[in-house]
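File shown here: entry_13.txt, holding compact mmCIF, C-alpha atoms and all ligand atoms.
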# COMPACT_ATOMS: atom_id res chain seq x y z
CA MET A 96 157.18 59.85 157.75
CA ASP A 97 157.20 62.93 159.84
CA SER A 98 159.07 63.19 163.09
CA HIS A 99 157.20 65.02 165.82
CA HIS A 100 158.54 67.32 168.41
CA PRO A 101 157.22 66.55 171.86
CA ASP A 102 155.56 69.50 173.56
CA ASP A 103 155.56 70.39 177.24
CA ARG A 104 152.81 67.97 178.26
CA ASN A 105 153.05 69.01 181.85
CA HIS A 106 156.26 67.09 182.42
CA THR A 107 158.59 70.09 182.57
CA HIS A 108 159.61 69.44 186.15
CA VAL A 109 161.15 66.04 185.48
CA ARG A 110 163.00 67.06 182.33
CA PRO A 111 165.83 69.45 183.09
CA TRP A 112 166.39 70.23 179.42
CA ARG A 113 162.95 71.81 179.42
CA ALA A 114 163.51 73.87 182.54
CA ILE A 115 163.28 77.64 182.21
CA GLU A 116 164.51 79.66 185.13
CA ARG A 117 162.59 82.91 185.23
CA ARG A 118 164.38 86.14 186.02
CA LYS A 119 163.48 87.26 189.52
CA SER A 120 161.48 90.44 189.21
CA ARG A 121 159.59 92.54 191.69
CA GLN A 122 155.87 91.99 191.63
CA ILE A 123 153.38 94.74 190.87
CA MET A 124 149.61 94.70 190.52
CA VAL A 125 147.71 95.67 187.41
CA GLY A 126 144.31 95.87 189.06
CA LYS A 127 143.60 92.39 190.40
CA VAL A 128 146.27 90.77 188.20
CA ALA A 129 149.78 90.27 189.57
CA VAL A 130 152.65 90.88 187.16
CA GLY A 131 156.16 89.78 187.99
CA GLY A 132 157.61 87.68 190.77
CA ASN A 133 156.15 84.19 190.65
CA ALA A 134 152.90 85.27 189.00
CA PRO A 135 152.05 83.45 185.77
CA ILE A 136 153.23 85.27 182.66
CA THR A 137 150.19 87.22 181.53
CA VAL A 138 148.93 87.73 177.99
CA GLN A 139 147.56 91.07 176.94
CA SER A 140 146.38 92.87 173.86
CA MET A 141 144.99 96.21 172.84
CA THR A 142 141.64 97.22 171.42
CA ASN A 143 141.48 98.88 168.01
CA THR A 144 137.97 100.24 168.33
CA LEU A 145 137.34 103.87 169.18
CA THR A 146 137.63 104.08 172.96
CA SER A 147 135.01 106.83 172.82
CA ASP A 148 132.60 104.09 171.67
CA PRO A 149 132.38 102.02 174.86
CA GLN A 150 129.92 99.47 173.45
CA ALA A 151 132.14 98.55 170.50
CA THR A 152 135.20 98.53 172.77
CA LEU A 153 133.50 96.32 175.35
CA ARG A 154 132.43 93.88 172.63
CA GLN A 155 136.04 93.55 171.55
CA ILE A 156 137.26 93.23 175.13
CA ALA A 157 134.70 90.44 175.70
CA ALA A 158 136.07 88.57 172.66
CA MET A 159 139.60 88.94 174.03
CA GLU A 160 138.49 87.76 177.47
CA GLU A 161 136.90 84.70 175.83
CA ALA A 162 140.27 83.93 174.21
CA GLY A 163 141.95 84.20 177.62
CA ALA A 164 143.23 87.79 177.80
CA ASP A 165 144.49 88.64 181.28
CA ILE A 166 144.83 92.39 180.69
CA VAL A 167 143.54 94.71 177.94
CA ARG A 168 144.89 98.10 176.94
CA VAL A 169 142.87 100.88 175.38
CA SER A 170 144.12 104.10 173.83
CA CYS A 171 143.03 107.35 175.43
CA PRO A 172 143.90 110.06 172.92
CA ASP A 173 141.14 112.52 173.89
CA VAL A 174 138.72 113.49 176.61
CA ASP A 175 135.86 111.52 175.01
CA SER A 176 138.00 108.40 175.46
CA THR A 177 138.80 108.96 179.12
CA HIS A 178 135.11 109.76 179.65
CA ALA A 179 134.08 106.43 178.07
CA LEU A 180 136.83 104.67 180.00
CA LYS A 181 134.73 104.67 183.17
CA THR A 182 131.98 102.61 181.49
CA ILE A 183 134.59 100.33 179.95
CA VAL A 184 136.37 99.70 183.26
CA GLU A 185 133.09 99.06 185.06
CA ASN A 186 131.90 96.50 182.54
CA ALA A 187 135.11 94.67 181.63
CA ASN A 188 136.19 91.62 183.61
CA VAL A 189 139.88 92.18 183.01
CA PRO A 190 141.99 95.11 184.25
CA ILE A 191 142.21 97.94 181.75
CA VAL A 192 145.43 99.76 180.92
CA ALA A 193 145.03 103.30 179.60
CA ASP A 194 147.49 104.19 176.87
CA ILE A 195 148.48 107.83 177.17
CA HIS A 196 150.90 109.82 175.10
CA PHE A 197 152.05 113.21 176.36
CA HIS A 198 148.71 114.58 177.64
CA TYR A 199 149.04 114.62 181.40
CA LYS A 200 145.38 115.53 181.84
CA ARG A 201 144.33 112.34 180.04
CA ALA A 202 146.48 110.39 182.46
CA ILE A 203 144.81 111.96 185.48
CA GLU A 204 141.34 111.47 183.96
CA ALA A 205 142.16 107.83 183.18
CA ALA A 206 143.35 107.22 186.74
CA LYS A 207 140.12 108.72 188.08
CA ALA A 208 138.06 106.65 185.62
CA GLY A 209 139.45 103.48 187.17
CA ALA A 210 142.28 102.46 184.85
CA ALA A 211 144.33 99.70 186.47
CA CYS A 212 147.53 100.93 184.86
CA LEU A 213 148.73 103.91 182.85
CA ARG A 214 151.02 103.37 179.93
CA ILE A 215 152.93 106.61 179.97
CA ASN A 216 156.51 107.76 179.86
CA PRO A 217 156.93 110.24 182.70
CA GLY A 218 159.77 112.01 180.92
CA ASN A 219 157.34 113.01 178.16
CA ILE A 220 154.67 114.54 180.38
CA GLY A 221 156.24 117.98 180.63
CA SER A 222 156.96 120.18 183.64
CA ALA A 223 157.95 118.80 187.03
CA ASP A 224 154.57 119.84 188.44
CA ARG A 225 152.69 117.87 185.84
CA VAL A 226 154.82 114.80 186.44
CA LYS A 227 154.14 115.09 190.14
CA GLU A 228 150.41 115.46 189.56
CA VAL A 229 150.21 112.35 187.37
CA ILE A 230 152.23 110.25 189.80
CA GLN A 231 150.06 111.48 192.67
CA ALA A 232 146.90 110.53 190.73
CA ALA A 233 148.33 107.05 190.12
CA LYS A 234 149.05 106.71 193.84
CA ASP A 235 145.63 108.05 194.85
CA TYR A 236 143.67 105.78 192.52
CA GLY A 237 145.82 102.67 192.83
CA CYS A 238 147.16 102.64 189.27
CA SER A 239 150.39 101.02 188.30
CA MET A 240 152.32 102.30 185.28
CA ARG A 241 154.09 100.95 182.26
CA ILE A 242 157.01 102.81 180.84
CA GLY A 243 156.91 101.98 177.15
CA VAL A 244 160.12 102.68 175.29
CA ASN A 245 159.91 102.23 171.55
CA ALA A 246 162.90 102.20 169.20
CA GLY A 247 160.92 104.36 166.78
CA SER A 248 160.30 107.18 169.24
CA LEU A 249 163.49 107.55 171.25
CA GLU A 250 164.26 110.93 172.81
CA LYS A 251 166.10 113.37 170.57
CA ASP A 252 169.12 113.66 172.85
CA LEU A 253 169.56 109.89 172.86
CA MET A 254 169.34 109.76 169.08
CA GLU A 255 172.03 112.43 168.93
CA LYS A 256 174.16 110.62 171.45
CA TYR A 257 173.88 107.14 169.90
CA GLY A 258 173.20 108.03 166.27
CA GLU A 259 170.52 105.35 165.80
CA PRO A 260 168.21 103.22 167.92
CA CYS A 261 170.37 100.68 169.75
CA PRO A 262 169.96 98.61 172.94
CA GLU A 263 172.01 101.06 175.00
CA ALA A 264 169.85 104.00 173.95
CA MET A 265 166.65 102.12 174.69
CA VAL A 266 167.83 101.03 178.12
CA GLU A 267 169.07 104.53 178.93
CA SER A 268 165.67 105.91 177.97
CA ALA A 269 163.88 103.30 180.11
CA LEU A 270 166.07 104.03 183.13
CA TYR A 271 165.61 107.77 182.70
CA HIS A 272 161.83 107.37 182.95
CA ALA A 273 162.12 104.81 185.74
CA ASN A 274 164.30 107.15 187.78
CA ILE A 275 161.66 109.87 187.57
CA LEU A 276 159.13 107.47 189.09
CA ARG A 277 161.60 106.28 191.74
CA ASP A 278 162.46 109.86 192.66
CA HIS A 279 158.76 110.29 193.47
CA ASP A 280 158.84 107.11 195.52
CA PHE A 281 156.65 105.32 192.96
CA HIS A 282 157.64 101.70 192.38
CA GLU A 283 154.53 100.09 190.91
CA PHE A 284 155.78 100.09 187.36
CA LYS A 285 156.84 97.74 184.61
CA ILE A 286 158.87 98.53 181.52
CA SER A 287 158.88 97.59 177.86
CA VAL A 288 161.65 98.29 175.35
CA LYS A 289 160.18 97.30 172.02
CA ALA A 290 161.49 97.42 168.49
CA SER A 291 160.17 95.90 165.30
CA ASP A 292 163.62 94.37 164.76
CA VAL A 293 163.97 91.14 166.72
CA PHE A 294 167.72 91.50 167.32
CA LEU A 295 167.30 94.97 168.76
CA THR A 296 164.33 93.89 170.86
CA VAL A 297 166.10 90.89 172.34
CA ALA A 298 169.33 92.77 173.03
CA ALA A 299 167.51 95.68 174.65
CA TYR A 300 165.49 93.43 176.96
CA ASN A 301 168.55 91.45 177.92
CA GLN A 302 170.38 94.62 178.94
CA LEU A 303 167.35 96.00 180.73
CA ALA A 304 166.81 92.74 182.63
CA ASP A 305 170.29 93.16 184.11
CA ALA A 306 169.83 96.83 184.87
CA ILE A 307 166.59 96.86 186.87
CA ASP A 308 164.43 94.48 188.89
CA CYS A 309 160.97 95.67 187.86
CA PRO A 310 158.67 93.37 185.88
CA LEU A 311 159.11 93.47 182.13
CA HIS A 312 156.36 93.71 179.55
CA ILE A 313 157.79 92.08 176.44
CA GLY A 314 156.83 92.44 172.81
CA VAL A 315 158.15 92.88 169.32
CA THR A 316 156.38 96.00 168.16
CA GLU A 317 154.62 96.32 164.83
CA ALA A 318 155.54 92.73 164.07
CA GLY A 319 153.39 92.65 160.94
CA PRO A 320 150.54 90.62 159.51
CA LEU A 321 149.22 87.44 161.09
CA ARG A 322 151.66 84.88 159.71
CA SER A 323 154.92 86.79 159.43
CA GLY A 324 154.16 88.80 162.58
CA THR A 325 153.56 85.61 164.51
CA ILE A 326 156.87 84.22 163.35
CA ARG A 327 158.75 87.41 164.20
CA SER A 328 157.13 87.51 167.61
CA ALA A 329 157.84 83.86 168.20
CA ILE A 330 161.54 84.37 167.47
CA GLY A 331 161.87 87.52 169.59
CA LEU A 332 159.57 86.62 172.46
CA GLY A 333 160.51 82.96 172.31
CA ASN A 334 164.16 83.87 172.73
CA LEU A 335 163.42 86.11 175.72
CA LEU A 336 160.98 83.76 177.42
CA TRP A 337 163.36 80.84 176.96
CA ALA A 338 166.00 82.93 178.74
CA GLY A 339 163.53 83.54 181.56
CA ILE A 340 162.83 87.16 180.65
CA GLY A 341 159.30 88.53 180.52
CA ASP A 342 156.46 88.84 183.02
CA THR A 343 153.68 89.91 180.70
CA LEU A 344 153.55 89.94 176.92
CA ARG A 345 151.80 91.38 173.98
CA VAL A 346 152.05 90.05 170.46
CA SER A 347 151.56 93.02 168.12
CA LEU A 348 149.91 91.90 164.91
CA ALA A 349 148.20 93.77 162.13
CA ALA A 350 145.26 91.44 162.74
CA ASP A 351 142.28 90.94 165.03
CA PRO A 352 143.49 91.42 168.65
CA VAL A 353 141.89 88.07 169.50
CA GLU A 354 144.58 86.52 167.30
CA GLU A 355 147.23 88.30 169.40
CA ILE A 356 145.87 86.62 172.51
CA LYS A 357 145.80 83.21 170.84
CA VAL A 358 149.37 83.58 169.56
CA GLY A 359 150.49 84.76 173.02
CA PHE A 360 149.12 81.65 174.66
CA ASP A 361 150.51 79.39 171.95
CA LEU A 362 153.93 80.89 172.60
CA LEU A 363 153.71 80.27 176.33
CA LYS A 364 152.31 76.78 175.76
CA SER A 365 155.13 75.88 173.40
CA LEU A 366 157.64 76.70 176.13
CA GLY A 367 155.65 75.00 178.86
CA LEU A 368 155.35 78.32 180.69
CA ARG A 369 151.59 78.38 180.83
CA HIS A 370 148.85 76.03 179.88
CA ARG A 371 145.46 77.03 178.62
CA GLY A 372 142.99 75.23 176.46
CA VAL A 373 143.47 72.15 174.35
CA ASN A 374 146.97 71.69 173.05
CA ILE A 375 146.44 69.83 169.78
CA ILE A 376 149.30 67.67 168.54
CA ALA A 377 148.77 66.79 164.90
CA CYS A 378 150.88 65.33 162.15
CA PRO A 379 151.18 67.23 158.88
CA SER A 380 149.68 64.18 157.12
CA CYS A 381 150.97 62.25 154.12
CA ALA A 382 149.91 59.41 151.82
CA ARG A 383 149.72 57.09 154.84
CA GLN A 384 146.94 59.02 156.54
CA GLY A 385 143.83 57.01 157.40
CA PHE A 386 141.60 60.10 157.39
CA ASN A 387 141.88 63.76 156.35
CA VAL A 388 144.10 65.07 159.15
CA ILE A 389 144.25 68.73 158.10
CA GLU A 390 140.48 69.12 157.71
CA THR A 391 139.79 67.25 160.94
CA VAL A 392 142.26 69.31 162.98
CA ALA A 393 140.83 72.58 161.63
CA LYS A 394 137.33 71.49 162.65
CA LEU A 395 138.45 70.29 166.08
CA GLU A 396 140.40 73.47 166.74
CA GLU A 397 137.27 75.48 166.08
CA ARG A 398 134.97 73.21 168.08
CA LEU A 399 137.31 73.08 171.07
CA ALA A 400 138.22 76.77 171.25
CA HIS A 401 135.84 77.30 174.19
CA ILE A 402 137.78 74.97 176.49
CA ALA A 403 140.07 76.92 178.81
CA LYS A 404 141.29 74.05 180.99
CA PRO A 405 144.72 72.78 180.04
CA MET A 406 144.70 69.43 178.31
CA SER A 407 146.19 67.73 175.28
CA LEU A 408 144.81 65.95 172.24
CA SER A 409 146.73 64.09 169.55
CA ILE A 410 145.28 63.67 166.08
CA ILE A 411 147.64 61.56 164.03
CA GLY A 412 147.14 60.16 160.56
CA CYS A 413 148.49 56.65 161.02
CA VAL A 414 150.12 54.14 163.35
CA VAL A 415 153.64 55.29 162.45
CA ASN A 416 153.45 58.03 165.07
CA GLY A 417 149.93 57.82 166.47
CA PRO A 418 150.43 55.44 169.40
CA GLY A 419 153.67 57.15 170.45
CA GLU A 420 152.10 60.59 170.46
CA ALA A 421 148.97 59.32 172.21
CA LEU A 422 151.15 58.14 175.11
CA TYR A 423 151.63 61.75 176.19
CA THR A 424 148.21 63.19 175.50
CA ASP A 425 144.96 63.02 177.44
CA VAL A 426 142.96 61.98 174.40
CA GLY A 427 144.30 60.71 171.11
CA PHE A 428 143.09 59.44 167.77
CA THR A 429 145.19 57.47 165.32
CA GLY A 430 144.00 56.72 161.81
CA GLY A 431 143.74 53.11 160.70
CA GLY A 432 142.39 51.19 157.74
CA ALA A 433 138.86 50.69 156.46
CA GLY A 434 137.56 54.09 157.51
CA ALA A 435 138.15 53.68 161.22
CA GLY A 436 140.87 54.41 163.76
CA MET A 437 141.77 53.97 167.39
CA VAL A 438 140.87 56.30 170.24
CA TYR A 439 143.41 56.55 173.06
CA VAL A 440 142.51 57.74 176.51
CA GLY A 441 145.25 58.50 179.02
CA GLY A 442 147.82 57.10 176.60
CA LYS A 443 146.17 53.68 176.17
CA PRO A 444 144.15 52.29 173.27
CA ASP A 445 140.52 52.55 174.37
CA HIS A 446 138.07 51.92 171.54
CA LYS A 447 137.71 51.91 167.76
CA LEU A 448 135.98 54.80 166.07
CA SER A 449 134.76 55.26 162.52
CA ASN A 450 136.13 58.31 160.75
CA ALA A 451 132.63 59.52 159.97
CA ASP A 452 131.79 59.97 163.67
CA MET A 453 135.10 61.29 164.89
CA ILE A 454 134.48 65.04 165.23
CA GLU A 455 131.39 64.76 167.42
CA HIS A 456 132.83 61.86 169.37
CA ILE A 457 136.19 63.46 170.07
CA VAL A 458 134.63 66.81 171.00
CA GLY A 459 132.44 64.89 173.48
CA LEU A 460 135.42 63.02 174.94
CA VAL A 461 137.50 66.18 175.32
CA GLU A 462 134.64 68.11 176.91
CA ALA A 463 133.99 65.26 179.31
CA HIS A 464 137.67 65.11 180.23
CA ALA A 465 137.83 68.89 180.72
CA ASP A 466 134.90 68.59 183.16
CA THR A 467 136.96 66.26 185.34
CA LEU A 468 139.85 68.71 185.61
S1 LIG A 501 150.05 60.02 158.28
FE1 LIG A 501 150.97 61.45 159.73
S2 LIG A 501 151.89 60.11 161.27
FE2 LIG A 501 151.48 58.84 159.52
S3 LIG A 501 153.45 58.87 158.43
FE3 LIG A 501 152.11 60.46 157.52
S4 LIG A 501 152.69 62.33 158.60
FE4 LIG A 501 153.51 60.64 159.81
Please render this file's structure as structure tokens.
Ligand code: SF4
Amino acid sequence: MDSHHPDDRNHTHVRPWRAIERRKSRQIMVGKVAVGGNAPITVQSMTNTLTSDPQATLRQIAAMEEAGADIVRVSCPDVDSTHALKTIVENANVPIVADIHFHYKRAIEAAKAGAACLRINPGNIGSADRVKEVIQAAKDYGCSMRIGVNAGSLEKDLMEKYGEPCPEAMVESALYHANILRDHDFHEFKISVKASDVFLTVAAYNQLADAIDCPLHIGVTEAGPLRSGTIRSAIGLGNLLWAGIGDTLRVSLAADPVEEIKVGFDLLKSLGLRHRGVNIIACPSCARQGFNVIETVAKLEERLAHIAKPMSLSIIGCVVNGPGEALYTDVGFTGGGAGAGMVYVGGKPDHKLSNADMIEHIVGLVEAHADTL
């Protein structure tokens, strides 16, 4: 028998051991999306198409939007990219962040093209005049900024001072860039201090959270392939989110960016911080199962991916845990004998259902329930 861990199930408020007190951050806007303060923690990802190919980029953005992306970032390495950015911004439904490295002209072009936010480190732009020009463009075109500190690309002087990437060096770098913006009376910025090492990431964010009140974009950078990267991100981001740190997140996977969005939401759902789509509770199955749990859950997950409204579904192999799990889910199915099981609605046994009909029937029930929400 397997013992199941109860999920959030919308009861966070009455269970103090599930309460997460979020760090109080200032709120900024990334286009129409609020980041920080009491705004929901947003999930973002980044395209990996050529930005200079707006059609391909927009197709990928649409797939990310479908999965629930709140914000999407695109790289702008050249003038063809910032040129295409205008079409991308005009046709995307989510705010677009332009990722700029060093080239101050790209930053100004991206701001003019309608980017909602510039990911740029002001200390890397160059002369004081250039810095001023970029900040002025951000002010003129209503762009916010993200300062993105990465353990792998710390400033030379900090590497000399600290010897290796460490939390102190990352926070010092972040504050250096932040102070440049503040000196120009620019406060619409968020910061990230990412490392591929979870210990370094968590320590750096913890120190930064104490040092500044701006919203934090959290992520474990270059986390790796789908499975191991998801686990690394879940440890790093889970730790931070549990401690109340993080206003927007990106899961960095060497995988389809749509997967990054899905993992981001699963992370938030697991901590009861945000609810989107059908939260499927399923047992791992064993010899007691009354139907093929693993196959059924895979099919249901695919068939129910289009539902954005938050609800829960339990698919449990037998009566050992089925009725107990169904108590806390909107719709439930528990396997029984003779090729049939019990459907639960609102926690109560509702009707019997043959295994052969269950996919269509449960999809119908879940869709109908989602329509009432
Ligand atoms: S079928 Fe599922 S619920 Fe039943 S005992 Fe096995 S793992 Fe637990």
Problem set entry | d(atom CA of Cys212 of chain A, atom CA of Glu354 of chain A) in Å |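 Those two atoms sit 22.9 Å apart.
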For this session: Find the residues around Pro172 of chain A up to 9 Å (all atoms listed in the file counted), leave out those fewer than 6 positions away in its own chain, and share them as a list in words.
Result: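 Result of the neighbour search: Thr146, Asp194, Ile195, His196, His198 and Arg201 of chain A.
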Write a file of the selected residues as a PDB file, in the coordinates of the input, keeping C-alpha atoms.
ATOM      1  CA  THR A 146     137.630 104.080 172.960  1.00  0.00           C
ATOM      2  CA  ASP A 194     147.490 104.190 176.870  1.00  0.00           C
ATOM      3  CA  ILE A 195     148.480 107.830 177.170  1.00  0.00           C
ATOM      4  CA  HIS A 196     150.900 109.820 175.100  1.00  0.00           C
ATOM      5  CA  HIS A 198     148.710 114.580 177.640  1.00  0.00           C
ATOM      6  CA  ARG A 201     144.330 112.340 180.040  1.00  0.00           C
TER       7      ARG A 201
END
For this session: Please check which protein, DNA or RNA residues sit within 8 Å of ligand LIG 501 (chain A), counting only C-alpha atoms and all ligand atoms, and write them as number ranges by chain.
Result: A: 96-98, 377-385, 388, 411-417, 430
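Take the candidates A:Pro262, A:Ser323, A:Asn186, A:Cys309 and check each one against Leu295 of chain A using only C-alpha atoms; the shortest distance goes to A:Pro262.
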For this session: Please check which residues have atoms at most 12 Å from (136.8, 75.9, 167.1) in the file's coordinates, counting only C-alpha atoms, and write them as a ChimeraX atom specification.
Result: /A:162,372-373,375,391-402,454,458
Keeping C-alpha atoms for every residue in the selection just given, could you write it to a file as a compact mmCIF listing (two decimals), keeping the file's coordinate frame?
# COMPACT_ATOMS: atom_id res chain seq x y z
CA ALA A 162 140.27 83.93 174.21
CA GLY A 372 142.99 75.23 176.46
CA VAL A 373 143.47 72.15 174.35
CA ILE A 375 146.44 69.83 169.78
CA THR A 391 139.79 67.25 160.94
CA VAL A 392 142.26 69.31 162.98
CA ALA A 393 140.83 72.58 161.63
CA LYS A 394 137.33 71.49 162.65
CA LEU A 395 138.45 70.29 166.08
CA GLU A 396 140.40 73.47 166.74
CA GLU A 397 137.27 75.48 166.08
CA ARG A 398 134.97 73.21 168.08
CA LEU A 399 137.31 73.08 171.07
CA ALA A 400 138.22 76.77 171.25
CA HIS A 401 135.84 77.30 174.19
CA ILE A 402 137.78 74.97 176.49
CA ILE A 454 134.48 65.04 165.23
CA VAL A 458 134.63 66.81 171.00
Exercise. Suppose you want the space between atom CA of Arg241 of chain A and atom CA of Asn216 of chain A; what is it in Å?
Worked result: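 Atom-to-atom, atom CA of Arg241 of chain A to atom CA of Asn216 of chain A, that is 7.6 Å.
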Shell of 8 Å around Ile203 of chain A, only C-alpha atoms, local chain residues under 6 positions omitted, as a short mmCIF file (atom, residue, chain, number, x, y, z; two decimals) with C-alpha atoms, in the coordinates of the input:
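What landed in result.cif:
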data_model
loop_
_atom_site.label_atom_id
_atom_site.label_comp_id
_atom_site.auth_asym_id
_atom_site.auth_seq_id
_atom_site.Cartn_x
_atom_site.Cartn_y
_atom_site.Cartn_z
CA GLU A 228 150.41 115.46 189.56
CA VAL A 229 150.21 112.35 187.37
CA ALA A 232 146.90 110.53 190.73
CA ALA A 233 148.33 107.05 190.12
#
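For the set A:Leu422, A:Ile410, A:Ala246, A:Ile115, the residue with the smallest atom-to-atom gap to Trp337 of chain A is A:Ile115, counting all atoms listed in the file.
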For this session: Go ahead and compute the interatomic distance for atom CA of Ser170 of chain A and atom CA of Asn334 of chain A, in Å to one decimal.
Result: 28.5 Å
For this session: Have a look at A:Lys447, A:Arg225, A:His312, A:His282 and name the one nearest to Gln139 of chain A; count all atoms listed in the file.
Result: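 Looking only at the distances to Gln139 of chain A, the closest residue turns out to be A:His312.
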Exercise. Between A:Gly427, A:Gly209, A:Gly131, A:Pro405, which is the closest to Leu468 of chain A once you count all atoms listed in the file?
Worked result: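 Going through A:Gly427, A:Gly209, A:Gly131, A:Pro405 one by one, the smallest distance to Leu468 of chain A is for A:Pro405.
In terms of minimum interatomic distance to Ala187 of chain A, A:Gln155 ranks closest within A:Thr137, A:Gln231, A:Gln155, A:Asn143, counting only C-alpha atoms.
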Which residues are close to segment 316-319 of chain A, i.e. within 9 Å by all atoms listed in the file, leaving aside same-chain residues fewer than 2 positions away? Reply as a compact mmCIF listing (two decimals) with C-alpha atoms, in the frame of the given file.
# COMPACT_ATOMS: atom_id res chain seq x y z
CA ASN A 245 159.91 102.23 171.55
CA LYS A 289 160.18 97.30 172.02
CA ALA A 290 161.49 97.42 168.49
CA SER A 291 160.17 95.90 165.30
CA ASP A 292 163.62 94.37 164.76
CA VAL A 293 163.97 91.14 166.72
CA THR A 296 164.33 93.89 170.86
CA GLY A 314 156.83 92.44 172.81
CA LEU A 321 149.22 87.44 161.09
CA ARG A 322 151.66 84.88 159.71
CA SER A 323 154.92 86.79 159.43
CA GLY A 324 154.16 88.80 162.58
CA THR A 325 153.56 85.61 164.51
CA ILE A 326 156.87 84.22 163.35
CA ARG A 327 158.75 87.41 164.20
CA SER A 328 157.13 87.51 167.61
CA ARG A 345 151.80 91.38 173.98
CA VAL A 346 152.05 90.05 170.46
CA SER A 347 151.56 93.02 168.12
CA LEU A 348 149.91 91.90 164.91
CA ALA A 349 148.20 93.77 162.13
CA ALA A 350 145.26 91.44 162.74
For this session: Could you tell me which of A:Gln150, A:Gly459, A:Val167, A:Lys119 comes closest to Pro352 of chain A if we count all atoms listed in the file?
Result: A:Val167
For this session: Write out as a list of chain:residue names the residues lying within 10 Å of Ala151 of chain A, counting all atoms listed in the file and excluding same-chain residues fewer than 6 positions away.
Result: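 After dropping sequence-adjacent residues, the list is A:Thr142, A:Asn143, A:Thr144, A:Leu145, A:Ala157, A:Ile183.
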Problem set entry | Polymer residues at most 8 Å from Asn450 of chain A, only C-alpha atoms, same-chain spacing of 4 or more positions, as a PyMOL selection string | chain A and resi 386+434-436
